[in-house]
Each structure stands twice: as structure tokens, then as C-alpha cells.
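Colleague: Structure file start.csv (CSV, C-alpha atoms and all ligand atoms) is given on the next line.
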chain,number,residue,atom,x,y,z
A,232,MET,CA,27.0,11.1,-16.3
A,233,THR,CA,24.2,10.6,-13.7
A,234,ALA,CA,20.7,10.7,-15.2
A,235,SER,CA,18.3,13.3,-13.8
A,236,ALA,CA,15.0,12.2,-12.4
A,237,GLN,CA,12.1,12.4,-14.9
A,238,ARG,CA,8.9,13.7,-13.4
A,239,LYS,CA,5.8,11.7,-14.4
A,240,GLY,CA,2.1,12.6,-14.5
A,241,GLU,CA,0.2,15.3,-12.8
A,242,TYR,CA,-0.6,14.2,-9.2
A,243,LYS,CA,-2.0,16.2,-6.3
A,244,THR,CA,-0.8,13.8,-3.5
A,245,LEU,CA,2.2,12.0,-5.0
A,246,LEU,CA,5.5,12.9,-6.5
A,247,VAL,CA,6.3,10.3,-9.2
A,248,THR,CA,9.7,10.2,-10.9
A,249,THR,CA,11.8,7.8,-12.9
A,250,LYS,CA,15.6,7.7,-12.7
A,251,ASN,CA,18.1,4.9,-13.4
A,252,LYS,CA,15.3,2.4,-14.3
A,253,ILE,CA,13.6,2.9,-11.0
A,254,THR,CA,10.1,4.5,-10.7
A,255,LYS,CA,9.7,6.2,-7.3
A,256,ILE,CA,6.2,6.9,-6.0
A,257,MET,CA,6.5,9.3,-3.1
A,258,LEU,CA,3.5,9.9,-0.9
A,259,ASN,CA,3.4,13.7,-0.7
A,260,ARG,CA,1.2,15.0,2.1
A,261,PRO,CA,3.9,15.5,4.7
A,262,ASP,CA,1.8,18.0,6.7
A,263,LYS,CA,-0.8,15.2,7.2
A,264,LYS,CA,1.9,12.6,7.9
A,265,ASN,CA,1.1,11.2,4.4
A,266,ALA,CA,-2.4,10.0,5.5
A,267,ILE,CA,-4.1,8.4,2.5
A,268,ASN,CA,-7.1,10.4,1.4
A,269,LEU,CA,-9.5,9.4,-1.4
A,270,VAL,CA,-7.5,11.3,-4.0
A,271,MET,CA,-4.3,9.6,-2.9
A,272,TYR,CA,-6.0,6.1,-3.1
A,273,ARG,CA,-7.0,6.9,-6.7
A,274,GLU,CA,-3.6,8.4,-7.6
A,275,ILE,CA,-1.6,5.4,-6.2
A,276,MET,CA,-3.7,3.1,-8.4
A,277,GLN,CA,-3.0,5.3,-11.4
A,278,ALA,CA,0.7,5.5,-10.6
A,279,LEU,CA,1.0,1.7,-10.2
A,280,GLU,CA,-0.8,1.2,-13.5
A,281,GLU,CA,1.5,3.5,-15.3
A,282,ALA,CA,4.6,2.1,-13.6
A,283,ALA,CA,3.5,-1.5,-14.6
A,284,GLU,CA,3.7,-0.3,-18.2
A,285,ASP,CA,6.8,2.0,-18.2
A,286,ASP,CA,10.4,1.0,-18.9
A,287,SER,CA,11.4,0.8,-15.3
A,288,THR,CA,12.8,-2.3,-13.7
A,289,LEU,CA,11.9,-1.6,-10.0
A,290,ILE,CA,9.1,0.4,-8.4
A,291,VAL,CA,9.7,2.0,-5.0
A,292,ILE,CA,7.1,3.5,-2.7
A,293,THR,CA,8.3,5.9,0.0
A,294,GLY,CA,7.0,8.9,2.0
A,295,CYS,CA,7.9,12.5,2.0
A,296,GLY,CA,8.8,14.1,5.4
A,297,ASP,CA,9.1,12.4,8.7
A,298,TYR,CA,6.4,9.7,8.2
A,299,PHE,CA,6.1,6.8,5.8
A,300,SER,CA,2.3,7.1,6.2
A,301,SER,CA,-0.2,7.5,9.0
A,302,GLY,CA,-2.6,5.1,7.1
A,303,ASN,CA,-6.1,5.8,6.0
A,304,ASP,CA,-7.1,9.5,6.3
A,305,LEU,CA,-9.7,9.3,9.1
A,306,SER,CA,-11.6,12.2,7.5
A,307,ASN,CA,-12.4,9.8,4.6
A,308,PHE,CA,-15.0,8.5,7.0
A,309,GLY,CA,-17.2,11.4,6.1
A,310,GLU,CA,-20.1,11.2,3.7
A,311,ASP,CA,-17.9,10.7,0.6
A,312,LEU,CA,-16.4,7.4,1.7
A,313,LEU,CA,-19.6,6.1,3.2
A,314,GLU,CA,-21.4,6.9,0.0
A,315,ILE,CA,-18.7,5.3,-2.1
A,316,LEU,CA,-18.7,2.2,0.1
A,317,LYS,CA,-22.4,1.8,0.0
A,318,ASN,CA,-22.5,2.1,-3.8
A,319,ASN,CA,-19.3,0.3,-4.6
A,320,GLY,CA,-17.9,-2.1,-2.0
A,321,ASN,CA,-15.3,-3.2,-4.6
A,322,TRP,CA,-13.4,0.1,-4.3
A,323,LEU,CA,-10.9,-0.9,-1.6
A,324,ARG,CA,-10.7,-4.5,-3.0
A,325,ASN,CA,-9.6,-2.9,-6.3
A,326,PHE,CA,-6.9,-0.8,-4.5
A,327,ILE,CA,-5.5,-3.9,-2.8
A,328,SER,CA,-5.7,-5.9,-6.0
A,329,HIS,CA,-3.3,-3.4,-7.6
A,330,PHE,CA,-0.7,-4.6,-5.0
A,331,ILE,CA,-1.5,-8.3,-5.3
A,332,ASP,CA,-1.3,-8.2,-9.1
A,333,PHE,CA,1.6,-5.8,-9.5
A,334,PRO,CA,3.9,-7.4,-12.1
A,335,LYS,CA,7.3,-6.0,-11.3
A,336,PRO,CA,9.4,-6.0,-8.1
A,337,LEU,CA,7.8,-3.6,-5.6
A,338,ILE,CA,10.0,-2.1,-2.9
A,339,ALA,CA,9.0,-0.1,0.2
A,340,VAL,CA,11.5,2.4,1.5
A,341,VAL,CA,10.0,3.1,4.9
A,342,ASN,CA,11.5,6.4,5.9
A,343,GLY,CA,9.6,6.8,9.2
A,344,PRO,CA,6.6,5.6,11.2
A,345,ALA,CA,3.9,3.6,9.4
A,346,VAL,CA,0.3,3.1,10.6
A,347,GLY,CA,-2.7,1.0,9.4
A,348,ILE,CA,-2.9,0.2,5.7
A,349,SER,CA,0.6,1.4,5.1
A,350,VAL,CA,1.8,-1.4,7.4
A,351,THR,CA,-0.5,-4.2,6.2
A,352,LEU,CA,0.3,-3.6,2.6
A,353,LEU,CA,4.0,-4.3,3.4
A,354,GLY,CA,3.1,-8.0,3.4
A,355,LEU,CA,2.5,-7.7,-0.4
A,356,PHE,CA,5.8,-6.0,-1.2
A,357,ASP,CA,8.8,-7.9,-2.4
A,358,ILE,CA,11.4,-6.0,-0.3
A,359,VAL,CA,10.9,-3.7,2.7
A,360,TYR,CA,13.8,-1.5,3.8
A,361,ALA,CA,13.3,0.6,6.9
A,362,SER,CA,15.0,3.4,8.7
A,363,ASP,CA,15.6,2.7,12.4
A,364,LYS,CA,13.3,5.6,13.1
A,365,ALA,CA,10.3,3.7,11.6
A,366,VAL,CA,7.7,2.1,13.9
A,367,PHE,CA,4.8,0.0,12.8
A,368,GLN,CA,1.3,-0.1,14.2
A,369,THR,CA,-2.1,-1.4,13.0
A,370,PRO,CA,-4.6,0.0,15.5
A,371,PHE,CA,-7.7,-1.6,13.9
A,372,THR,CA,-9.5,-2.8,16.9
A,373,GLN,CA,-8.8,0.5,18.7
A,374,LEU,CA,-10.8,2.1,15.8
A,375,GLY,CA,-13.6,-0.5,15.8
A,376,GLN,CA,-12.3,-1.7,12.4
A,377,CYS,CA,-10.6,-5.0,11.3
A,378,PRO,CA,-7.5,-6.0,9.4
A,379,GLU,CA,-7.2,-5.3,5.7
A,380,GLY,CA,-4.5,-5.3,3.0
A,381,CYS,CA,-4.5,-9.2,3.2
A,382,SER,CA,-2.8,-8.9,6.6
A,383,SER,CA,-5.2,-11.4,8.2
A,384,TYR,CA,-3.4,-13.9,6.0
A,385,THR,CA,0.0,-12.4,5.3
A,386,PHE,CA,0.9,-11.4,8.9
A,387,PRO,CA,0.3,-14.8,10.6
A,388,LYS,CA,2.2,-16.4,7.7
A,389,ILE,CA,5.1,-14.0,7.9
A,390,MET,CA,5.5,-13.8,11.7
A,391,GLY,CA,3.5,-16.6,13.1
A,392,ALA,CA,0.1,-16.3,14.8
A,393,ALA,CA,1.4,-15.4,18.2
A,394,LYS,CA,3.2,-12.3,17.0
A,395,ALA,CA,0.6,-11.3,14.4
A,396,ASN,CA,-2.2,-11.4,17.0
A,397,GLU,CA,-0.3,-8.8,19.2
A,398,MET,CA,-0.4,-6.4,16.2
A,399,LEU,CA,-3.7,-7.2,14.6
A,400,LEU,CA,-5.8,-7.8,17.7
A,401,PHE,CA,-4.1,-5.7,20.3
A,402,ASN,CA,-2.6,-2.8,18.3
A,403,LYS,CA,1.0,-3.4,19.5
A,404,LYS,CA,3.4,-0.9,18.1
A,405,ILE,CA,6.7,-2.5,17.1
A,406,THR,CA,10.1,-1.0,16.2
A,407,ALA,CA,11.9,-1.5,12.9
A,408,GLU,CA,14.2,-4.0,14.5
A,409,GLU,CA,11.3,-6.0,15.8
A,410,ALA,CA,9.6,-5.8,12.4
A,411,CYS,CA,12.8,-7.2,10.9
A,412,ALA,CA,13.1,-10.0,13.4
A,413,ARG,CA,9.4,-10.9,12.6
A,414,GLY,CA,10.1,-11.0,8.9
A,415,LEU,CA,7.9,-8.0,7.9
A,416,VAL,CA,11.0,-5.9,7.1
A,417,THR,CA,13.9,-7.1,5.0
A,418,GLU,CA,16.6,-4.9,6.5
A,419,VAL,CA,17.0,-1.9,8.9
A,420,PHE,CA,19.4,0.9,8.4
A,421,SER,CA,20.5,3.7,10.7
A,422,ASP,CA,18.5,6.8,9.8
A,423,SER,CA,21.6,8.9,9.0
A,424,ALA,CA,22.8,6.4,6.4
A,425,PHE,CA,19.4,5.2,5.3
A,426,GLN,CA,18.8,7.0,2.0
A,427,GLY,CA,22.4,6.7,0.8
A,428,GLU,CA,22.7,2.9,1.5
A,429,VAL,CA,19.3,2.0,0.3
A,430,TRP,CA,19.5,3.9,-3.0
A,431,THR,CA,23.0,2.6,-3.7
A,432,ARG,CA,21.7,-0.9,-3.4
A,433,LEU,CA,18.5,-0.3,-5.4
A,434,ASN,CA,20.5,1.4,-8.2
A,435,ALA,CA,22.6,-1.8,-8.4
A,436,TYR,CA,19.5,-4.1,-8.4
A,437,ALA,CA,17.9,-2.0,-11.2
A,438,ASN,CA,20.7,-3.1,-13.5
A,439,LEU,CA,19.6,-6.8,-13.3
A,440,PRO,CA,17.7,-8.0,-16.4
A,441,LYS,CA,14.2,-6.5,-16.2
A,442,ASN,CA,12.2,-9.3,-17.7
A,443,SER,CA,14.0,-12.0,-15.6
A,444,LEU,CA,13.1,-10.1,-12.5
A,445,ALA,CA,9.5,-9.6,-13.5
A,446,VAL,CA,9.0,-13.3,-14.4
A,447,SER,CA,10.7,-14.4,-11.2
A,448,LYS,CA,8.5,-12.2,-9.0
A,449,GLN,CA,5.3,-13.3,-10.9
A,450,LEU,CA,6.2,-17.0,-10.4
A,451,MET,CA,6.5,-16.5,-6.7
A,452,ARG,CA,3.3,-14.5,-6.5
A,453,SER,CA,1.3,-16.9,-8.7
A,454,VAL,CA,1.4,-19.5,-6.0
A,455,GLU,CA,-0.8,-17.4,-3.7
A,456,LYS,CA,-2.6,-15.0,-6.0
A,457,GLU,CA,-6.0,-16.7,-5.7
A,458,ILE,CA,-5.8,-16.9,-2.0
A,459,LEU,CA,-4.8,-13.3,-1.6
A,460,HIS,CA,-7.7,-12.1,-3.7
A,461,ALA,CA,-10.1,-14.2,-1.7
A,462,VAL,CA,-8.7,-12.9,1.6
A,463,ALA,CA,-8.9,-9.3,0.3
A,464,SER,CA,-12.5,-9.8,-0.6
A,465,ARG,CA,-13.4,-11.2,2.8
A,466,GLU,CA,-11.6,-8.4,4.6
A,467,CYS,CA,-13.3,-5.7,2.5
A,468,ASP,CA,-16.7,-7.2,3.2
A,469,GLN,CA,-16.1,-7.1,6.9
A,470,LEU,CA,-14.6,-3.7,6.8
A,471,LEU,CA,-17.6,-2.4,5.0
A,472,GLU,CA,-19.8,-3.6,7.8
A,473,ARG,CA,-17.4,-2.2,10.4
A,474,CYS,CA,-17.5,1.3,8.9
A,475,PHE,CA,-21.2,1.5,9.7
A,476,SER,CA,-20.8,0.1,13.2
A,477,ASP,CA,-21.2,2.2,16.3
A,478,GLU,CA,-17.8,1.0,17.5
A,479,CYS,CA,-16.1,2.5,14.4
A,480,ILE,CA,-18.1,5.7,14.2
A,481,ASN,CA,-17.5,6.5,17.9
A,482,ALA,CA,-13.8,5.9,17.6
A,483,ILE,CA,-13.5,8.2,14.6
A,484,MET,CA,-15.6,10.9,16.3
A,485,SER,CA,-13.3,10.6,19.3
A,486,PHE,CA,-10.2,11.1,17.2
A,487,PHE,CA,-11.6,14.4,15.8
A,488,GLN,CA,-13.0,15.5,19.1
A,489,LYS,CA,-9.6,15.1,20.8
A,490,LYS,CA,-8.1,17.1,17.9
A,491,SER,CA,-10.6,20.0,18.3
A,492,LYS,CA,-9.8,20.2,22.0
A,493,LEU,CA,-6.1,20.8,21.4
B,1,LIG,N1,-6.2,10.8,9.3
B,1,LIG,C1,-6.5,12.1,9.3
B,1,LIG,N2,-5.6,13.1,9.7
B,1,LIG,C2,-4.4,12.7,10.1
B,1,LIG,C3,-4.0,11.3,10.1
B,1,LIG,C4,-4.9,10.4,9.6
B,1,LIG,N3,-4.6,9.1,9.6
B,1,LIG,N4,-2.7,11.3,10.5
B,1,LIG,C5,-2.3,12.5,10.7
B,1,LIG,N5,-3.3,13.4,10.5
B,1,LIG,C6,-3.3,14.8,10.6
B,1,LIG,C7,-3.5,15.3,12.0
B,1,LIG,O1,-4.9,15.4,12.3
B,1,LIG,C8,-2.9,16.7,11.9
B,1,LIG,O2,-3.8,17.5,11.2
B,1,LIG,P1,-3.8,19.1,11.6
B,1,LIG,O3,-2.5,19.7,11.3
B,1,LIG,O4,-4.9,19.6,10.7
B,1,LIG,O5,-4.2,19.2,13.1
B,1,LIG,C9,-1.7,16.5,11.0
B,1,LIG,O6,-2.0,15.3,10.3
B,1,LIG,C10,-0.4,16.2,11.8
B,1,LIG,O7,-0.6,15.1,12.7
B,1,LIG,P2,-0.5,15.3,14.3
B,1,LIG,O8,-1.5,14.4,14.9
B,1,LIG,O9,-0.5,16.7,14.7
B,1,LIG,O10,1.0,14.7,14.5
B,1,LIG,P3,1.5,13.8,15.7
B,1,LIG,O11,3.0,13.6,15.4
B,1,LIG,O12,1.1,14.4,17.0
B,1,LIG,O13,0.8,12.4,15.5
B,1,LIG,C11,-0.1,10.5,14.4
B,1,LIG,C12,0.9,11.7,14.4
B,1,LIG,C13,0.0,9.7,13.1
B,1,LIG,C14,0.4,9.5,15.6
B,1,LIG,C15,-1.5,10.9,14.7
B,1,LIG,O14,-1.9,12.0,13.8
B,1,LIG,C16,-2.5,9.8,14.6
B,1,LIG,O15,-2.7,9.0,15.5
B,1,LIG,N6,-3.2,9.8,13.4
B,1,LIG,C17,-4.2,8.8,13.2
B,1,LIG,C18,-3.5,7.5,12.7
B,1,LIG,C19,-4.6,6.4,12.4
B,1,LIG,O16,-5.3,6.0,13.3
B,1,LIG,N7,-4.6,5.9,11.2
B,1,LIG,C20,-5.6,5.0,10.7
B,1,LIG,C21,-5.1,3.6,11.1
B,1,LIG,S1,-6.3,2.4,10.7
Let me see the structure of the file written as C-alpha cells.

Modeller:
Amino acid sequence: MTASAQRKGEYKTLLVTTKNKITKIMLNRPDKKNAINLVMYREIMQALEEAAEDDSTLIVITGCGDYFSSGNDLSNFGEDLLEILKNNGNWLRNFISHFIDFPKPLIAVVNGPAVGISVTLLGLFDIVYASDKAVFQTPFTQLGQCPEGCSSYTFPKIMGAAKANEMLLFNKKITAEEACARGLVTEVFSDSAFQGEVWTRLNAYANLPKNSLAVSKQLMRSVEKEILHAVASRECDQLLERCFSDECINAIMSFFQKKSKL
């Protein structure tokens, strides 16, 4: 008998379910390409906290619709975010810490294009499966911002400085195949077979002993935990300054002006 998915919690921006010992956190703003607004940031932290404590063996993050995520919702740069940042610069650091410290295997099922923080965070996942429709871009300098999600450390380490610089300094968009060749993605699947093949594999992995998996993941992460927290802290301090810079404010205004002209 196949178990049915058990819906968890009341979320406005996520669909969180558990089935076959896998908790799936689905970003659920498809009409906004799963852009991460302030509510979604809070809800992802809550869902990760709950998943860390539940009976599941694996945790999967994926997107609803055609995008994995278009990254930070640029309308966050309104008064709310600036006020939160001014009063509590630790807010983004706390979000990133949830990924650094997550105690169980964390898997990204990248169903479509990924932008910004939804790409940088992949360096903190344990496995990244991607559809061949996915593309990856971190347009930080285009937006007057700077790398976050520990990517200033994880990207050069994963792909070498020469390739990381193309993405983090010069906004180069790469395909799923390129991301796999660079080591950011574990494996790429054709989009038509993606969901079937990935979930068959994950369901098999979820039958491995839960505690052994968690301890093994934690051992590997423990080697770098301190470094990752220090990197996140430095990046967040810089990003805070960047958010109030003319370069950033002008780039965000230009995104919304272009939209209003359409
Ligand atoms: N922040 C705010 N709104 C976003 C968004 C984001 N990151 N990504 C998508 N949206 C919104 C669009 O403004 C649009 O809203 P509307 O329906 O009210 O007009 C809706 O989501 C659909 O996106 P649209 O731009 O129409 O789709 P598209 O296929 O033409 O382009 C993107 C998709 C992701 C390429 C484009 O929306 C984009 O460039 N977004 C910004 C990505 C970004 O810079 N992220 C931050 C990185 S640091």
C-alpha cells in the first residue's frame, strides 16, 4: 500500500508534506516564480525547524510551477526590509544558519530556473538534482549587491575561483549541465523523466537508517561549520551596507520601472 502525503502546518507561501519518511518543502508562489518574500523567509525557517524534529529521514526543497525560485523578492526592498535590516542585521544570518546547521540530509530538487539566493544556498545542500530545464544565475553585481548564502566561500571551493568569478562577479547564467560539470549540481535529468526518476531514487534513499545518515552528514558539516558561520556573517554585514547604497537602490528601482512600462 502506498502511503498518502501528510500535510503539515499552516503556511501561506509553502506546501509542506511528509510521505515515505521524506518531508517535502515546496516553495508555493508560482505566479511570482517562487520569489522569496519576507513571509516565505520566515516560513522556510519554521518548516526547517519542524523538519529537523520530525520523524523524516530526508528533507527536500523544491519549487511549484515552472521555476525553482527567482530568488529574493525584489519588493522586499521596500520599507519593511530596510527597517528590519536596520533594526536587526542578524535576520538574514539567522536564515542562512538554518541551512548551515540543518542536522539531516537536505536535498534540492531543482525543477526549473534558479536565481540569486536560491542558487547560492545550493552550496549548503547535501545533494542537488536538477531538471535539464533549470538554469542558474546569481546577478548580484547587476543589482548592486554582493554574494550571500556562503557562496563567496562555497562557490570557489566547489568550482574553482575561475568559474566562481564568472557567476559571482559577472552574473554568468549557466545551464544545468554546466552546473553539474562545475560540481554545484549532483546529477541532471531530462525534464520529462525528472520527477519520476528523482523520487524513485529518494524513496529508496529514505529507507537507509535515519540516525546513521544524520550522524554522517553532521560529521562532514562539522569540519566547516565555524568557517561557514563566519562567512555568512561577513556577507550579511556587506549586504546590509549594499542595500542602502545608490547602486543597489537604483538597480531595484530600474527593475520595477521596466515592469511598469510593460
Ligand atoms: N522579485 C519580485 N518579483 C518577481 C521576482 C523577484 N525576484 N521574480 C519574478 N517576479 C514577479 C514579476 O515581477 C512578475 O510579477 P507580475 O505578474 O506582478 O508582473 C511575476 O513574478 C512573473 O514574472 P515575469 O517577470 O513576468 O516572468 P518572466 O518569465 O518574464 O521572467 C524572471 C522571470 C525571474 C527572469 C524575472 O521576473 C526576473 O528577472 N526577476 C528578478 C530576479 C532577480 O533579480 N532576483 C534577485 C536576484 S539577487

Colleague: Residues of chain A that have any atom at most 9 Å from an atom of ligand LIG 1 (chain B): could you tabulate them with the shortest-distance atom pair and the distance in Å to one decimal, using all atoms listed in the file, ordered by chain and increasing number, as a Markdown table?

Modeller:
| residue | atom | partner | partner_atom | distance |
| --- | --- | --- | --- | --- |
| A:Arg260 | CA | B:LIG1 | O6 | 8.8 |
| A:Pro261 | CA | B:LIG1 | O6 | 8.1 |
| A:Asp262 | CA | B:LIG1 | C9 | 5.7 |
| A:Lys263 | CA | B:LIG1 | O6 | 3.3 |
| A:Lys264 | CA | B:LIG1 | C5 | 5.0 |
| A:Asn265 | CA | B:LIG1 | N4 | 7.2 |
| A:Ala266 | CA | B:LIG1 | N3 | 4.7 |
| A:Ile267 | CA | B:LIG1 | N3 | 7.2 |
| A:Asn268 | CA | B:LIG1 | N1 | 8.0 |
| A:Tyr298 | CA | B:LIG1 | C13 | 8.1 |
| A:Ser300 | CA | B:LIG1 | C13 | 7.7 |
| A:Ser301 | CA | B:LIG1 | C13 | 4.7 |
| A:Gly302 | CA | B:LIG1 | N7 | 4.6 |
| A:Asn303 | CA | B:LIG1 | C20 | 4.8 |
| A:Asp304 | CA | B:LIG1 | N1 | 3.4 |
| A:Leu305 | CA | B:LIG1 | N1 | 3.8 |
| A:Ser306 | CA | B:LIG1 | C1 | 5.4 |
| A:Asn307 | CA | B:LIG1 | N1 | 7.8 |
| A:Pro344 | CA | B:LIG1 | C13 | 8.0 |
| A:Ala345 | CA | B:LIG1 | C13 | 8.1 |
| A:Val346 | CA | B:LIG1 | C21 | 5.4 |
| A:Gly347 | CA | B:LIG1 | C21 | 3.9 |
| A:Ile348 | CA | B:LIG1 | S1 | 6.4 |
| A:Ser349 | CA | B:LIG1 | C21 | 8.6 |
| A:Gln368 | CA | B:LIG1 | C21 | 8.0 |
| A:Thr369 | CA | B:LIG1 | S1 | 6.1 |
| A:Pro370 | CA | B:LIG1 | S1 | 5.6 |
| A:Phe371 | CA | B:LIG1 | S1 | 5.3 |
| A:Thr372 | CA | B:LIG1 | S1 | 8.7 |
| A:Gln373 | CA | B:LIG1 | O16 | 8.5 |
| A:Leu374 | CA | B:LIG1 | S1 | 6.8 |
| A:Gln376 | CA | B:LIG1 | S1 | 7.5 |
| A:Cys377 | CA | B:LIG1 | S1 | 8.6 |
| A:Pro378 | CA | B:LIG1 | S1 | 8.6 |
| A:Ile483 | CA | B:LIG1 | O16 | 8.6 |
| A:Phe486 | CA | B:LIG1 | C17 | 7.6 |
| A:Phe487 | CA | B:LIG1 | O1 | 7.6 |
| A:Lys490 | CA | B:LIG1 | O5 | 6.5 |
| A:Ser491 | CA | B:LIG1 | O5 | 8.3 |
| A:Leu493 | CA | B:LIG1 | O5 | 8.7 |

Colleague: Which residues are close to A:Asp422, i.e. within 7 Å by all atoms listed in the file, leaving aside same-chain residues fewer than 6 positions away? Reply as a compact mmCIF listing (two decimals) with C-alpha atoms, keeping the file's coordinate frame.

Modeller:
# COMPACT_ATOMS: atom_id res chain seq x y z
CA SER A 362 15.00 3.40 8.70
CA ASP A 363 15.60 2.70 12.40
CA LYS A 364 13.30 5.60 13.10

Colleague: Pick from A:Leu399, A:Ile290, A:Ala410, A:Ala463: nearest to A:Phe326, with only C-alpha atoms counted?

Modeller: A:Ala463

Colleague: With all atoms listed in the file as the atoms that count, which of A:Phe475, A:Phe356, A:Phe401, A:Tyr384 lies nearest to A:Val416?

Modeller: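 That would be A:Phe356, the residue with the smallest distance to A:Val416.
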
Colleague: Quote the spacing between atom CA of A:Ile253 and atom CA of A:Ala236 in Å to one decimal place.

Modeller: 9.5 Å

Colleague: What separation in Å, quoted to one decimal, exists between atom CA of A:Ala361 and atom CA of A:Leu415?

Modeller: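 Here the two named atoms are 10.2 Å from each other.
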
Colleague: Which one is closest to A:Leu323: A:Glu408, A:Glu284, A:Glu241, A:Glu466? Count all atoms listed in the file.

Modeller: A:Glu466
